[in-house]
$ cat run-v7.txt   # compact mmCIF, C-alpha atoms and all ligand atoms
# COMPACT_ATOMS: atom_id res chain seq x y z
CA MET P 1 0.00 0.00 0.00
CA ALA P 2 2.79 2.44 0.96
CA ARG P 3 4.35 1.67 -2.41
CA SER P 4 1.20 2.44 -4.36
CA VAL P 5 0.94 5.81 -2.55
CA GLY P 6 4.50 6.67 -3.70
CA LEU P 7 3.69 5.61 -7.25
CA VAL P 8 0.50 7.70 -7.25
CA GLU P 9 2.39 10.81 -6.13
CA ALA P 10 5.10 10.15 -8.74
CA HIS P 11 2.40 9.85 -11.42
CA TYR P 12 1.06 13.34 -10.62
CA SER P 13 4.33 15.13 -9.83
CA ARG P 14 5.86 17.60 -12.25
CA SER P 15 8.40 19.94 -10.67
CA ASP P 16 7.90 22.91 -13.02
CA LEU P 17 4.10 22.84 -12.87
CA GLY P 18 3.63 26.20 -11.12
CA ALA P 19 5.91 27.99 -13.59
CA ALA P 20 4.22 26.28 -16.55
CA ILE P 21 0.77 27.41 -15.36
CA LEU P 22 1.92 30.99 -14.73
CA ALA P 23 3.52 31.17 -18.18
CA ALA P 24 0.32 29.82 -19.78
CA LEU P 25 -1.85 32.32 -17.89
CA LYS P 26 0.32 35.17 -19.15
CA GLU P 27 0.26 33.81 -22.68
CA ALA P 28 -3.54 33.58 -22.46
CA GLY P 29 -3.62 37.29 -21.57
CA LYS P 30 -4.80 36.85 -17.95
CA ASP P 31 -3.95 39.60 -15.49
CA LEU P 32 -1.96 37.87 -12.74
CA ASP P 33 -2.65 40.77 -10.34
CA ASN P 34 -6.39 40.32 -10.69
CA LEU P 35 -6.77 36.61 -11.24
CA THR P 36 -10.18 35.00 -10.62
CA PRO P 37 -11.14 31.35 -10.02
CA ASP P 38 -12.93 31.48 -13.39
CA ASN P 39 -9.67 32.42 -15.16
CA LEU P 40 -8.11 29.22 -13.81
CA ALA P 41 -10.98 26.82 -14.54
CA PRO P 42 -9.54 25.38 -17.79
CA VAL P 43 -6.44 24.17 -15.92
CA ASP P 44 -7.32 23.67 -12.22
CA GLU P 45 -10.45 21.52 -12.49
CA PHE P 46 -8.70 18.20 -12.96
CA HIS P 47 -11.59 15.75 -13.36
CA GLY P 48 -14.08 14.53 -15.95
CA GLY P 49 -16.38 17.37 -17.06
CA GLN P 50 -14.21 20.05 -15.38
CA ARG P 51 -16.00 23.20 -14.05
CA PRO P 52 -19.51 22.30 -15.27
CA ALA P 53 -19.22 19.00 -13.38
CA THR P 54 -18.19 20.87 -10.22
CA VAL P 55 -21.16 23.22 -10.58
CA ARG P 56 -23.50 20.22 -10.98
CA LEU P 57 -22.16 18.43 -7.91
CA ALA P 58 -22.28 21.63 -5.84
CA GLU P 59 -25.95 22.07 -6.80
CA LEU P 60 -26.66 18.52 -5.65
CA VAL P 61 -24.90 19.08 -2.31
CA GLY P 62 -26.74 22.40 -1.86
CA PHE P 63 -24.35 24.76 -0.03
CA SER P 64 -25.73 27.58 2.13
CA GLY P 65 -22.32 29.21 2.62
CA SER P 66 -21.94 28.50 6.33
CA GLU P 67 -20.51 25.01 5.83
CA ARG P 68 -17.00 24.01 6.84
CA VAL P 69 -15.86 21.88 3.88
CA LEU P 70 -13.06 19.32 3.39
CA ASP P 71 -11.95 18.50 -0.18
CA VAL P 72 -10.26 15.08 -0.23
CA GLY P 73 -7.71 14.80 -3.06
CA SER P 74 -7.95 18.52 -3.71
CA GLY P 75 -5.38 18.63 -6.55
CA LEU P 76 -4.61 22.15 -7.77
CA GLY P 77 -7.60 23.47 -5.84
CA GLY P 78 -10.06 24.48 -8.57
CA PRO P 79 -13.10 22.95 -6.86
CA SER P 80 -12.18 24.26 -3.37
CA ARG P 81 -11.67 27.81 -4.68
CA TYR P 82 -14.95 27.58 -6.61
CA ILE P 83 -16.89 26.50 -3.49
CA ALA P 84 -15.26 29.22 -1.37
CA SER P 85 -15.75 32.03 -3.88
CA ARG P 86 -19.23 31.03 -5.09
CA PHE P 87 -20.82 30.18 -1.73
CA GLY P 88 -18.52 31.77 0.86
CA CYS P 89 -17.67 28.47 2.58
CA ARG P 90 -14.42 27.90 4.46
CA VAL P 91 -12.65 25.02 2.66
CA SER P 92 -9.64 22.85 3.54
CA GLY P 93 -8.05 20.63 0.92
CA ILE P 94 -5.87 17.60 1.50
CA ASP P 95 -3.80 15.99 -1.22
CA LEU P 96 -1.08 13.37 -1.43
CA THR P 97 0.93 15.18 -4.10
CA ALA P 98 3.19 17.79 -2.48
CA GLU P 99 3.72 19.66 -5.75
CA PHE P 100 -0.06 19.99 -6.24
CA CYS P 101 -0.41 21.43 -2.72
CA ARG P 102 2.31 24.01 -3.42
CA VAL P 103 0.68 25.06 -6.70
CA ALA P 104 -2.78 25.09 -5.05
CA GLU P 105 -1.45 27.49 -2.39
CA MET P 106 0.12 29.74 -5.00
CA LEU P 107 -3.09 29.91 -7.07
CA THR P 108 -5.11 30.60 -3.91
CA ARG P 109 -2.82 33.53 -3.06
CA LEU P 110 -3.16 34.86 -6.60
CA THR P 111 -6.96 34.68 -6.38
CA ARG P 112 -6.92 36.33 -2.91
CA LEU P 113 -8.73 33.44 -1.22
CA VAL P 114 -6.21 32.53 1.49
CA GLU P 115 -8.60 33.63 4.24
CA ARG P 116 -11.09 31.00 3.14
CA VAL P 117 -9.08 28.16 1.59
CA ASP P 118 -6.07 26.18 2.86
CA TYR P 119 -4.27 23.01 1.83
CA ARG P 120 -2.39 20.23 3.57
CA GLN P 121 -0.24 17.55 2.09
CA GLY P 122 -1.35 14.15 3.39
CA ASP P 123 -2.98 10.80 2.77
CA ALA P 124 -6.76 10.51 2.64
CA LEU P 125 -6.45 7.28 4.61
CA HIS P 126 -5.05 9.20 7.60
CA LEU P 127 -6.95 12.50 7.59
CA PRO P 128 -5.19 14.93 9.94
CA PHE P 129 -8.47 16.33 11.30
CA GLU P 130 -10.52 15.89 14.45
CA ASP P 131 -13.63 13.70 14.52
CA MET P 132 -16.82 15.50 13.45
CA SER P 133 -15.10 18.70 12.31
CA PHE P 134 -16.71 19.26 8.87
CA ASP P 135 -20.24 19.87 7.60
CA VAL P 136 -19.40 18.67 4.08
CA VAL P 137 -16.75 16.29 2.76
CA TRP P 138 -16.22 16.72 -0.96
CA SER P 139 -14.16 14.59 -3.34
CA GLN P 140 -13.86 14.47 -7.12
CA ASN P 141 -11.89 11.87 -9.05
CA ALA P 142 -9.53 10.85 -6.26
CA ALA P 143 -10.88 7.50 -4.98
CA MET P 144 -9.80 5.68 -8.16
CA ASN P 145 -6.19 6.01 -6.92
CA ILE P 146 -7.04 4.56 -3.49
CA ALA P 147 -7.19 0.80 -2.92
CA ASP P 148 -8.55 0.78 0.64
CA ARG P 149 -12.01 2.24 0.10
CA ASP P 150 -13.34 1.01 3.45
CA ARG P 151 -10.73 3.10 5.18
CA LEU P 152 -11.19 6.07 2.82
CA TYR P 153 -14.95 6.25 3.34
CA GLY P 154 -14.51 5.48 7.06
CA GLU P 155 -12.16 8.48 7.37
CA MET P 156 -14.65 10.68 5.50
CA ARG P 157 -17.38 9.62 7.92
CA ARG P 158 -15.17 10.11 10.99
CA VAL P 159 -14.42 13.77 10.21
CA LEU P 160 -18.06 14.59 9.32
CA LYS P 161 -20.48 16.03 11.84
CA PRO P 162 -23.66 14.00 12.39
CA GLY P 163 -26.11 15.05 9.68
CA GLY P 164 -23.17 16.21 7.54
CA ARG P 165 -23.04 15.47 3.82
CA VAL P 166 -20.54 13.91 1.43
CA GLY P 167 -20.46 15.05 -2.22
CA LEU P 168 -18.67 12.58 -4.48
CA GLN P 169 -17.78 12.48 -8.14
CA GLU P 170 -16.07 9.19 -8.92
CA VAL P 171 -14.86 7.07 -11.78
CA ALA P 172 -16.28 3.53 -11.55
CA ALA P 173 -15.51 0.24 -13.28
CA GLY P 174 -17.97 -0.51 -16.06
CA PRO P 175 -19.05 -3.81 -17.63
CA GLY P 176 -16.74 -3.34 -20.66
CA GLY P 177 -13.54 -4.73 -19.12
CA GLU P 178 -10.24 -3.23 -17.95
CA PRO P 179 -9.57 0.40 -18.95
CA HIS P 180 -7.11 1.23 -21.70
CA TYR P 181 -4.03 2.93 -20.23
CA PRO P 182 -2.62 5.53 -19.86
CA VAL P 183 -5.48 7.54 -18.35
CA GLN P 184 -5.25 10.85 -16.49
CA TRP P 185 -5.12 9.13 -13.08
CA SER P 186 -2.74 6.32 -13.95
CA ARG P 187 -0.31 5.10 -16.56
CA GLU P 188 -0.71 1.46 -15.53
CA PRO P 189 -3.15 -0.86 -13.76
CA LYS P 190 -1.23 -1.02 -10.47
CA THR P 191 -2.21 2.50 -9.37
CA SER P 192 -5.80 2.31 -10.55
CA PHE P 193 -8.40 0.84 -8.19
CA LEU P 194 -11.84 1.00 -9.76
CA LEU P 195 -14.96 -0.46 -8.17
CA THR P 196 -18.35 -0.74 -9.84
CA GLN P 197 -21.01 1.77 -8.83
CA GLN P 198 -22.86 -0.98 -7.02
CA GLU P 199 -19.78 -2.09 -5.07
CA THR P 200 -19.06 1.53 -4.13
CA ARG P 201 -22.60 2.13 -2.96
CA GLN P 202 -22.58 -1.05 -0.87
CA LYS P 203 -19.35 0.04 0.85
CA LEU P 204 -20.70 3.52 1.57
CA GLU P 205 -23.94 2.14 3.00
CA ALA P 206 -22.13 -0.51 5.05
CA ILE P 207 -20.04 2.28 6.64
CA GLY P 208 -23.23 4.02 7.72
CA PHE P 209 -23.99 6.64 5.05
CA ARG P 210 -27.51 7.23 3.79
CA VAL P 211 -27.67 7.80 0.03
CA ARG P 212 -29.55 11.03 -0.76
CA VAL P 213 -28.63 11.27 -4.45
CA TRP P 214 -27.01 8.77 -6.81
CA GLN P 215 -26.61 9.96 -10.37
CA ASP P 216 -24.93 8.14 -13.25
CA THR P 217 -23.18 10.87 -15.28
CA THR P 218 -21.40 8.60 -17.78
CA GLU P 219 -23.27 10.04 -20.78
CA GLU P 220 -22.39 13.67 -19.92
CA ALA P 221 -18.77 12.64 -19.21
CA LEU P 222 -18.63 10.86 -22.56
CA GLN P 223 -19.81 13.95 -24.44
CA ALA P 224 -17.15 16.08 -22.72
CA ALA P 225 -14.43 13.44 -23.26
CA ARG P 226 -15.35 13.06 -26.95
CA ALA P 227 -15.11 16.82 -27.48
CA ARG P 228 -11.66 16.81 -25.92
CA ALA P 229 -10.48 13.73 -27.81
CA ARG P 230 -11.54 15.32 -31.13
CA ASN P 231 -9.12 18.19 -30.51
CA VAL P 232 -5.99 16.16 -29.76
CA GLU P 233 -4.70 16.20 -33.33
CA GLY P 234 -4.04 19.95 -33.26
CA PRO P 235 -1.89 21.96 -30.88
CA PRO P 236 -3.16 22.04 -27.27
CA PRO P 237 -5.02 25.11 -25.99
CA VAL P 238 -2.80 27.58 -24.15
CA LEU P 239 -4.53 26.80 -20.84
CA GLY P 240 -5.60 23.25 -20.17
CA THR P 241 -5.08 20.15 -18.04
CA HIS P 242 -2.46 18.90 -20.52
CA LEU P 243 -0.13 21.23 -18.57
CA ILE P 244 -0.59 18.99 -15.51
CA ILE P 245 -0.34 15.67 -17.28
CA GLY P 246 2.81 15.92 -19.37
CA ASP P 247 3.75 14.57 -22.77
CA ASP P 248 1.31 11.66 -22.99
CA TRP P 249 -1.80 13.85 -22.64
CA ARG P 250 -2.98 13.01 -26.16
CA ALA P 251 -3.08 9.27 -25.43
CA MET P 252 -4.83 9.93 -22.11
CA PHE P 253 -7.54 12.12 -23.65
CA ARG P 254 -8.15 9.51 -26.37
CA ASN P 255 -8.31 6.66 -23.85
CA SER P 256 -10.69 8.59 -21.57
CA ALA P 257 -13.22 8.88 -24.38
CA ARG P 258 -12.70 5.30 -25.52
CA ASN P 259 -13.04 3.88 -22.01
CA LEU P 260 -16.35 5.67 -21.49
CA GLU P 261 -17.56 4.73 -24.97
CA GLU P 262 -16.79 1.04 -24.37
CA ARG P 263 -18.20 1.27 -20.84
CA ARG P 264 -14.86 0.23 -19.37
CA THR P 265 -15.35 3.22 -17.09
CA GLU P 266 -18.39 5.07 -15.82
CA LEU P 267 -18.76 8.32 -13.89
CA PHE P 268 -21.21 9.06 -11.11
CA ASN P 269 -22.18 11.73 -8.59
CA ALA P 270 -23.42 10.89 -5.14
CA VAL P 271 -24.59 12.87 -2.14
CA LEU P 272 -24.59 10.96 1.14
CA GLU P 273 -25.54 11.84 4.68
CA ARG P 274 -23.95 10.78 7.93
C1 LIG U 1 -7.39 13.50 -10.89
S1 LIG U 1 -6.80 14.42 -9.54
C2 LIG U 1 -8.24 15.30 -9.01
C3 LIG U 1 -7.91 16.57 -8.26
C4 LIG U 1 -9.10 17.41 -7.80
N1 LIG U 1 -10.02 16.63 -6.99
C5 LIG U 1 -9.86 17.99 -8.95
O1 LIG U 1 -10.93 17.45 -9.26
O2 LIG U 1 -9.40 18.95 -9.57
C6 LIG U 1 -6.64 13.17 -8.26
C7 LIG U 1 -6.01 13.71 -6.99
O3 LIG U 1 -6.11 12.76 -5.95
C8 LIG U 1 -4.93 12.84 -5.17
N2 LIG U 1 -4.78 11.59 -4.41
C9 LIG U 1 -4.61 10.34 -4.89
N3 LIG U 1 -4.48 9.46 -3.87
C10 LIG U 1 -4.58 10.18 -2.72
C11 LIG U 1 -4.53 9.85 -1.34
N4 LIG U 1 -4.32 8.59 -0.91
N5 LIG U 1 -4.68 10.85 -0.44
C12 LIG U 1 -4.86 12.14 -0.84
N6 LIG U 1 -4.92 12.50 -2.13
C13 LIG U 1 -4.78 11.54 -3.07
C14 LIG U 1 -3.85 13.06 -6.21
O4 LIG U 1 -2.67 13.55 -5.66
C15 LIG U 1 -4.54 14.02 -7.16
O5 LIG U 1 -4.32 15.35 -6.79
$ encode --input "run-v7.txt" --output "structure tokens"
Amino acid sequence: MARSVGLVEAHYSRSDLGAAILAALKEAGKDLDNLTPDNLAPVDEFHGGQRPATVRLAELVGFSGSERVLDVGSGLGGPSRYIASRFGCRVSGIDLTAEFCRVAEMLTRLTRLVERVDYRQGDALHLPFEDMSFDVVWSQNAAMNIADRDRLYGEMRRVLKPGGRVGLQEVAAGPGGEPHYPVQWSREPKTSFLLTQQETRQKLEAIGFRVRVWQDTTEEALQAARARARNVEGPPPVLGTHLIIGDDWRAMFRNSARNLEERRTELFNAVLER
């Protein structure tokens, strides 16, 4: 397990990521002194469906603004900054990849959200937070890198207040067989741990969550992935998640669409209550 955690961090790490994003923002004509979360959305929403998917999940969770939120596997921080700026929530992110946490902090400074958003480097299986300290636990496209789902969901439940909600967007195994690799979350099977939607739901319910919403979003994800895969022949956009991924982004974008098309992968949203 310790080994797979190291391999997952190595998969995501790219030492010049912050500089590459700043250079791309400048090239795209963004004003670095007045940067907004919306300016960053093409590059810092690192999951299927990007910002529109975050907006959809946030609507399902239904924030009032007073919630204390934890984002598990927070990446570069696009979703946490969106939740903080759109609803006024106080958000903490935790992510395994140290480089992502550093870039997330930099982007949060540049968007003037440090009062409301913070990040910690750490493992979702050992959340460094007190029991019952959050109103909402949020996680998008992180569980597929985590083998021990019982522990992951148990940790999410532990840090949630009674009556608190979990908002999840996850990649699931489909009936079509093993995914084609590389994909954005893994270049090989040994760091990819997909469960079917049914297996995931059973685990969540066994841990004590009540399912409030369960929504299969495979079709929407497929449309978005197809649109991206169609564009891989040309040069990449100035700002995009290819900056995070590295040289094999074309193969990953193609495989994402193909995996969804062949139902090797599925995508779902869920809102659960403790
Ligand atoms: C595909 S990215 C998604 C990032 C972010 N949730 C978003 O949607 O923009 C997956 C993230 O999960 C993180 N991750 C994977 N395994 C983790 C673990 N055991 N604990 C914490 N974070 C983890 C990775 O470092 C990576 O940032």
$ atom_distance --input "run-v7.txt" --atom1 "atom CA of His126 of chain P" --atom2 "atom CA of Val114 of chain P"
24.1 Å
$ closest_residue --input "run-v7.txt" --among "P:Asp131, P:Asp33, P:Asp247, P:Glu155" --to "ligand LIG 1 (chain U)" --atoms "all atoms listed in the file"
P:Glu155
$ closest_atom_pairs --input "run-v7.txt" --of "chain P" --to "ligand LIG 1 (chain U)" --cutoff "8 Å" --atoms "only C-alpha atoms and all ligand atoms" --output "Markdown table"
| residue | atom | partner | partner_atom | distance |
| --- | --- | --- | --- | --- |
| P:Val5 | CA | U:LIG1 | N4 | 6.2 |
| P:Val8 | CA | U:LIG1 | C9 | 6.2 |
| P:Glu9 | CA | U:LIG1 | O4 | 5.8 |
| P:Tyr12 | CA | U:LIG1 | O4 | 6.2 |
| P:Asp44 | CA | U:LIG1 | O2 | 5.8 |
| P:Glu45 | CA | U:LIG1 | O2 | 4.0 |
| P:Phe46 | CA | U:LIG1 | O2 | 3.5 |
| P:His47 | CA | U:LIG1 | O1 | 4.5 |
| P:Gly48 | CA | U:LIG1 | O1 | 8.0 |
| P:Gln50 | CA | U:LIG1 | O1 | 7.4 |
| P:Asp71 | CA | U:LIG1 | N1 | 7.3 |
| P:Val72 | CA | U:LIG1 | C12 | 6.2 |
| P:Gly73 | CA | U:LIG1 | N6 | 3.7 |
| P:Ser74 | CA | U:LIG1 | N1 | 4.3 |
| P:Gly75 | CA | U:LIG1 | O5 | 3.5 |
| P:Leu76 | CA | U:LIG1 | O2 | 6.0 |
| P:Gly77 | CA | U:LIG1 | O2 | 6.1 |
| P:Gly78 | CA | U:LIG1 | O2 | 5.7 |
| P:Pro79 | CA | U:LIG1 | O2 | 6.1 |
| P:Ile94 | CA | U:LIG1 | C12 | 6.0 |
| P:Asp95 | CA | U:LIG1 | N6 | 3.8 |
| P:Leu96 | CA | U:LIG1 | N6 | 4.0 |
| P:Thr97 | CA | U:LIG1 | O4 | 4.2 |
| P:Ala98 | CA | U:LIG1 | O4 | 7.9 |
| P:Phe100 | CA | U:LIG1 | O5 | 6.3 |
| P:Gln121 | CA | U:LIG1 | C12 | 7.7 |
| P:Gly122 | CA | U:LIG1 | C12 | 5.9 |
| P:Asp123 | CA | U:LIG1 | N5 | 3.6 |
| P:Ala124 | CA | U:LIG1 | N5 | 3.7 |
| P:Leu125 | CA | U:LIG1 | N4 | 6.1 |
| P:Ser139 | CA | U:LIG1 | N1 | 5.9 |
| P:Gln140 | CA | U:LIG1 | N1 | 4.4 |
| P:Asn141 | CA | U:LIG1 | C2 | 5.0 |
| P:Ala142 | CA | U:LIG1 | O3 | 3.9 |
| P:Ala143 | CA | U:LIG1 | N3 | 6.8 |
| P:Met144 | CA | U:LIG1 | C9 | 7.7 |
| P:Asn145 | CA | U:LIG1 | N3 | 4.9 |
| P:Ile146 | CA | U:LIG1 | N4 | 5.5 |
| P:Gln184 | CA | U:LIG1 | C1 | 6.6 |
| P:Trp185 | CA | U:LIG1 | C1 | 5.4 |
$ closest_residue --input "run-v7.txt" --among "P:Gly240, P:Gly176, P:Pro182, P:Gly234" --to "Thr196 of chain P" --atoms "only C-alpha atoms"
P:Gly176
$ closest_residue --input "run-v7.txt" --among "P:Trp138, P:Tyr181, P:Tyr82, P:Phe63" --to "Trp249 of chain P" --atoms "all atoms listed in the file"
P:Tyr181
$ closest_residue --input "run-v7.txt" --among "P:Arg212, P:Arg90, P:Arg263, P:Arg158" --to "Phe129 of chain P" --atoms "only C-alpha atoms"
P:Arg158
$ closest_residue --input "run-v7.txt" --among "P:Leu70, P:Ala58, P:Val91, P:Ala28" --to "Met132 of chain P" --atoms "all atoms listed in the file"
P:Leu70
$ residues_near_point --input "run-v7.txt" --point "(-15.3, 13.3, 12.0)" --cutoff "10 Å" --atoms "only C-alpha atoms" --output "MDAnalysis selection string"
chainID P and resid 127 129:135 137 154:162 164 274
$ write_last_selection --input "run-v7.txt" --atoms "C-alpha atoms" --output "short mmCIF file (atom, residue, chain, number, x, y, z; two decimals), in the coordinates of the input"
data_model
loop_
_atom_site.label_atom_id
_atom_site.label_comp_id
_atom_site.auth_asym_id
_atom_site.auth_seq_id
_atom_site.Cartn_x
_atom_site.Cartn_y
_atom_site.Cartn_z
CA LEU P 127 -6.95 12.50 7.59
CA PHE P 129 -8.47 16.33 11.30
CA GLU P 130 -10.52 15.89 14.45
CA ASP P 131 -13.63 13.70 14.52
CA MET P 132 -16.82 15.50 13.45
CA SER P 133 -15.10 18.70 12.31
CA PHE P 134 -16.71 19.26 8.87
CA ASP P 135 -20.24 19.87 7.60
CA VAL P 137 -16.75 16.29 2.76
CA GLY P 154 -14.51 5.48 7.06
CA GLU P 155 -12.16 8.48 7.37
CA MET P 156 -14.65 10.68 5.50
CA ARG P 157 -17.38 9.62 7.92
CA ARG P 158 -15.17 10.11 10.99
CA VAL P 159 -14.42 13.77 10.21
CA LEU P 160 -18.06 14.59 9.32
CA LYS P 161 -20.48 16.03 11.84
CA PRO P 162 -23.66 14.00 12.39
CA GLY P 164 -23.17 16.21 7.54
CA ARG P 274 -23.95 10.78 7.93
#
$ atom_distance --input "run-v7.txt" --atom1 "atom CA of Val117 of chain P" --atom2 "atom CA of Glu99 of chain P"
17.0 Å
